[in-house]
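Input: a single structure, listed below in structure tokens.
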Amino acid sequence: MPTKPTSKAATAAKGAKTAKPKAAAKPAARAAKAVAEAAPKPKTAAKPAKAPPPKPAAAAAPPPEPPRAAPEAKPAAGATLMDFLSSDQRQALESISANLARAALTAQGAFAEAAMRQADRPAALSPDPFNVAPALSEVMGRLAAQPDRLMRAQADLFARYTDLWRTASRRALDGSAESVVEPAKGDKRFADPGWSDNPMFDVMKQSYLLTSNWLNDLVSGVDGVDPLAKRRVEFFTKMLTDAFSPSNFLISNPAALKEIAETKGESLVRGMENFAADLARGEGQLSISQTDFEKFKVGDNVATAPGKVVFQNDIIQLLQFSPSTDKVHEIPLLIFPPWINKFYILDLRPENSMIRWLAAQGFTVFVASWVNPDAKLATKTFEDYMIEGVYAASQAVMTQCKVKEVNTVGYCIGGTLLSCSLAYMAAKGDKRIKSATFFAAQQDFSEAGDLLLFTDDNWLATVEKQMDEGGGVLSGAAMADTFNALRANDLIWSFFVNNYLMGKEPKPFDLLYWNSDQTRMPKTLHLFYLREFYQKNRLAKGELVLGGETLDMGKVKIPVFVQSSKEDHIAPMRSVYKGAKLFGGPTTFMMAGSGHIAGVINAPVANKYQHWTNPALPATPDEWIKGAEEHPGSWWPYWAKWLAERSGPMVAARDPAKGPLKPIEDAPGSFVKVKS
């Protein structure tokens with residue numbers, strides 16, 4: 001049998017009791033060494049430890065060191081990530097992992113449901129419905145024919161990246177944060193501090209901006225090609241570069257990653273739930289929510305101005321709104337909004353309602369509320385909308401108010417219809433319209449903006465196919481998608497990031513609720529509008545025929561007030577100005593700040609934006625701008641003064657319920673409540 005090891009620790013301890021310490025003793029080190037050496041070792045005989053020889057006492061032994069906390073055990077070889085984390089970190093990681101799995105399952109279910117719905121839909125008519133390929137080929141061919149220009153562009157891009165690498169290196173060394181490129185004014189994609197505070201995301205942001213700006217500039221600088229082809233390539237190049245922004249991807253968005261960490265992955269689950277809900281709402285096509293739809297109800301908290309429906313036919317309900325003054329102008333005001341949207345853009349909230357504001361100025365206000373057509377109205381024509389819309393509504397207003405003239409307003413496409421009606425009336429000698437005002441309306445479509453890109457034969461064939469499959473009407477969602485594409489960063493990608501990557505609900509916003517409340521479009525009417533106005537520009541050329549009459553805008557001699565907006569992307573100011581030049585009578589042109597909606601709906605109480613006036617109407621918009629005077633705030637009072645001068649004397653206010661026409665129902669009526 002092996003001999004039992006002798007305890008060196010006991011011997012060492014015994015020796016330590018009899019030994020006298022050195023003056024410069026090392027008790028802790030010696031004791032630790034002794035304990036280590038004293039550990040029992042199998043199959044090895046222990047030798048007794050020798051006590052240190054006694055020495056004269058020179059000084060008292062130092063006090064023992066306080067006990068230290070034992071260091072955490074280091075993970076052994078083959079340890080996993082979890083072994084390196086604290087318990088809180090492990091718990092957070094487990095939560096994130098579980099939520100990732102939940103989000104993935106939700107996404108899988110949504111995609112499976114969408115795939116099943118898509119399987120029942122006819123395939124797209126054309127793989128290139130926007131006809132981008134021929135335009136791209138023309139632009140690229142022109143670039144290839146200018147190798148010197150292409151080389152200069154590449155050298156410029158390389159120089160910019162060299163600057164970026166230099167500034168990034170300097171930041172790594174001394175912390176300085178110099179930017180080579182900054183987002184454009186109004187670009188909110190990189191507003192989160194993480195895009196600037198974190199060097200990695202800062203370089204990513206600047207790399208993207210350098211490349212996307214370079215590519216867009218390269219395309220826009222091409223010359224010697226068809227202008228429409230160039231514009232088409234510019235538009236879709238910007239759509240592509242917008243889509244590939246690092247802000248649109250989870251792994252490269254610092255705000256989204258921070259949200260995941262702070263919510264332990266709950267934001268991912270909420271985001272995928274929002275995604276699944278939007279897919280279901282779009283019946284298999286992604287319909288991105290822009291607002292909280294549950295927070296609004298037409299007639300309850302939007303479109304609340306009091307009034308009555310006093311006339312109705314197949315395509316309109318005519319609303320007469322209650323007066324808010326004892327006296328009103330004799331000549332009533334009849335407004336034709338666009339039929340692409342609902343009329344209540346003019347009556348969102350009491351504080352910004354144009355309808356309420358006009359009533360407070362002493363005007364009797366009527367509005368045409370267009371039908372949301374179904375398959376039964378698929379064959380309604382542009383001429384039908386003129387006769388059953390403008391003619392029928394104006395006749396009903398004259399009957400209700402017992403007058404022979406009305407003042408009119410046309411907003412957007414409603415203004416185009418009103419223009420055609422005025423030219424038709426001029427040809428017929430009909431003088432029922434005393435004056436006309438146009439909000440963001442076009443008569444000349446030669447500079448009609450990016451919507452021109454959606455009117456070539458390929459795209460119109462696709463639209464016609466969609467309408468045939470939809471029973472002869474174009475869905476409201478299709479129109480919404482087109483308008484959203486014109487401002488993709490604001491109306492698509494911002495909500496994509498907020499709803500899906502951040503997992504947040506969109507905020508309640510009445511304007512965006514209205515923007516999402518689109519109407520359907522009858523096939524015959526819609527194709528006529530796109531072909532005759534956008535594609536062929538027949539009204540401006542004097543070639544449009546309605547009711548057997550060739551329309552001549554120069555024969556319209558009544559007073560006209562034309563409103564445009566400086567930043568309007570749907571009815572650009574220059575396009576609107578060209579239309580104003582077509583009228584044959586006295587024409588007042590003005591330009592408001594902001595865009596297609598905010599430029600029009602700008603109540604004076606908000607004290608926002610500005611507007612420009614110029615009594616002259618020179619040959620070009622640039623000349624008009626040069627001679628224009630800027631005024632702060634809303635343009636409504638300026639227009640109301642113009643309108644009042646053409647609205648006759650003051651008479652007793654008119655109660656909608658007490659006129660010759662029997663009320664049908666309360667405002668806002670039933671047409672406006674029909675969903676697409």
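Chains: A, B, ... in order of the structure tokens. Residues: from 1 per chain. Ligands: from 1, in order shown.
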
* Asked: Near Thr620 (chain A), within 9 Å and counting only C-alpha atoms, which residues show up once chain neighbours fewer than 2 positions away are dropped, as JSON, numbers by chain?
  -> {"A": [574, 577, 578, 617, 618, 622, 623, 624, 625]}

* Just asking: which residues within region 537-571 of chain A are helix (DSSP H, G or I) according to DSSP, as a list in words? -> Arg538, Leu539, Ala540, Lys541, Met553, Gly554 and Lys555 of chain A

Would you write out, as a Markdown table, a table of all residues in region 440-478 of chain A that have an atom no more than 9 Å from an atom of region 551-564 of chain A, listing for each the closest atom pair and the distance in Å to one decimal, considering only C-alpha atoms and ordering rows by chain and rising residue number?
| residue | atom | partner | partner_atom | distance |
| --- | --- | --- | --- | --- |
| A:Ala440 | CA | A:Ser564 | CA | 5.1 |
| A:Ala441 | CA | A:Ser564 | CA | 7.8 |
| A:Gln443 | CA | A:Met553 | CA | 8.8 |

Those same residues - N, CA and C atoms - I'd like them written as a short mmCIF file (atom, residue, chain, number, x, y, z; two decimals), in the first residue's frame.
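Saved file out_15.cif follows:
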data_model
loop_
_atom_site.label_atom_id
_atom_site.label_comp_id
_atom_site.auth_asym_id
_atom_site.auth_seq_id
_atom_site.Cartn_x
_atom_site.Cartn_y
_atom_site.Cartn_z
N ALA A 440 -54.52 74.63 -57.63
CA ALA A 440 -53.59 73.59 -58.10
C ALA A 440 -54.15 72.79 -59.27
N ALA A 441 -54.72 73.49 -60.23
CA ALA A 441 -55.37 72.84 -61.37
C ALA A 441 -54.59 73.12 -62.65
N GLN A 443 -54.42 73.07 -66.98
CA GLN A 443 -55.08 73.05 -68.29
C GLN A 443 -54.08 72.68 -69.38
#

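Each of A:Ile288, A:Ala375, A:Ala426, A:Leu228 was compared to Glu447 (chain A) using only C-alpha atoms, and A:Leu228 turns out to be the nearest.
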
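The smallest atom-to-atom distance between Phe445 (chain A) and any of A:Leu512, A:Ala592, A:Ala392, A:Met573, using only C-alpha atoms, is found for A:Met573.
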
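Considering the residues A:Asp510, A:Asn213, A:Asp197, A:Leu93 and counting only C-alpha atoms, Arg171 (chain A) has its shortest atom-to-atom contact with A:Asp197.
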
* To do: Can you work out the spacing between CA of Asp163 (chain A) and CA of Ser220 (chain A) in Å, to one decimal?
  => 23.8 Å

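Restricting the calculation to only C-alpha atoms, the smallest distance between Ile315 (chain A) and any of A:Phe671, A:Phe111, A:Phe343, A:Trp493 is found for A:Phe671.
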
* Asked: region 529-671 of chain A: which residues are strand (DSSP E or B) by DSSP, as a VMD selection string?
  -> chain A and resid 545 to 546 549 to 550 560 to 565 587 to 592 610 to 613 629 to 632 650 to 652 665 to 666

Output for the residues just chosen: C-alpha atoms as a CSV table (one decimal), in the first residue's frame:
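Resulting contents of selection02.csv:
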chain,number,residue,atom,x,y,z
A,545,VAL,CA,-63.9,67.7,-78.3
A,546,LEU,CA,-66.7,67.4,-75.7
A,549,GLU,CA,-67.8,71.2,-79.4
A,550,THR,CA,-64.1,71.8,-80.0
A,560,VAL,CA,-60.4,83.9,-63.3
A,561,PHE,CA,-58.3,83.5,-60.1
A,562,VAL,CA,-55.5,80.9,-60.3
A,563,GLN,CA,-53.7,79.5,-57.2
A,564,SER,CA,-50.5,77.6,-57.5
A,565,SER,CA,-48.0,76.2,-54.9
A,587,THR,CA,-56.7,86.4,-64.9
A,588,THR,CA,-55.2,86.8,-61.4
A,589,PHE,CA,-52.3,84.4,-60.7
A,590,MET,CA,-50.8,83.9,-57.2
A,591,MET,CA,-48.3,81.4,-55.7
A,592,ALA,CA,-48.5,80.0,-52.2
A,610,GLN,CA,-46.3,82.8,-47.3
A,611,HIS,CA,-47.7,83.7,-50.6
A,612,TRP,CA,-46.6,85.8,-53.6
A,613,THR,CA,-48.8,88.2,-55.7
A,629,GLU,CA,-44.3,90.6,-53.9
A,630,GLU,CA,-44.0,88.2,-51.0
A,631,HIS,CA,-46.5,88.3,-48.1
A,632,PRO,CA,-46.4,86.3,-44.9
A,650,MET,CA,-75.3,91.1,-48.9
A,651,VAL,CA,-78.6,89.4,-48.5
A,652,ALA,CA,-80.3,87.4,-45.7
A,665,GLU,CA,-79.8,63.9,-45.5
A,666,ASP,CA,-77.3,65.7,-43.3

* Structure fact -> Expressed in Å, the length from CA of Phe249 (chain A) to CA of Ala280 (chain A) is 22.4 Å
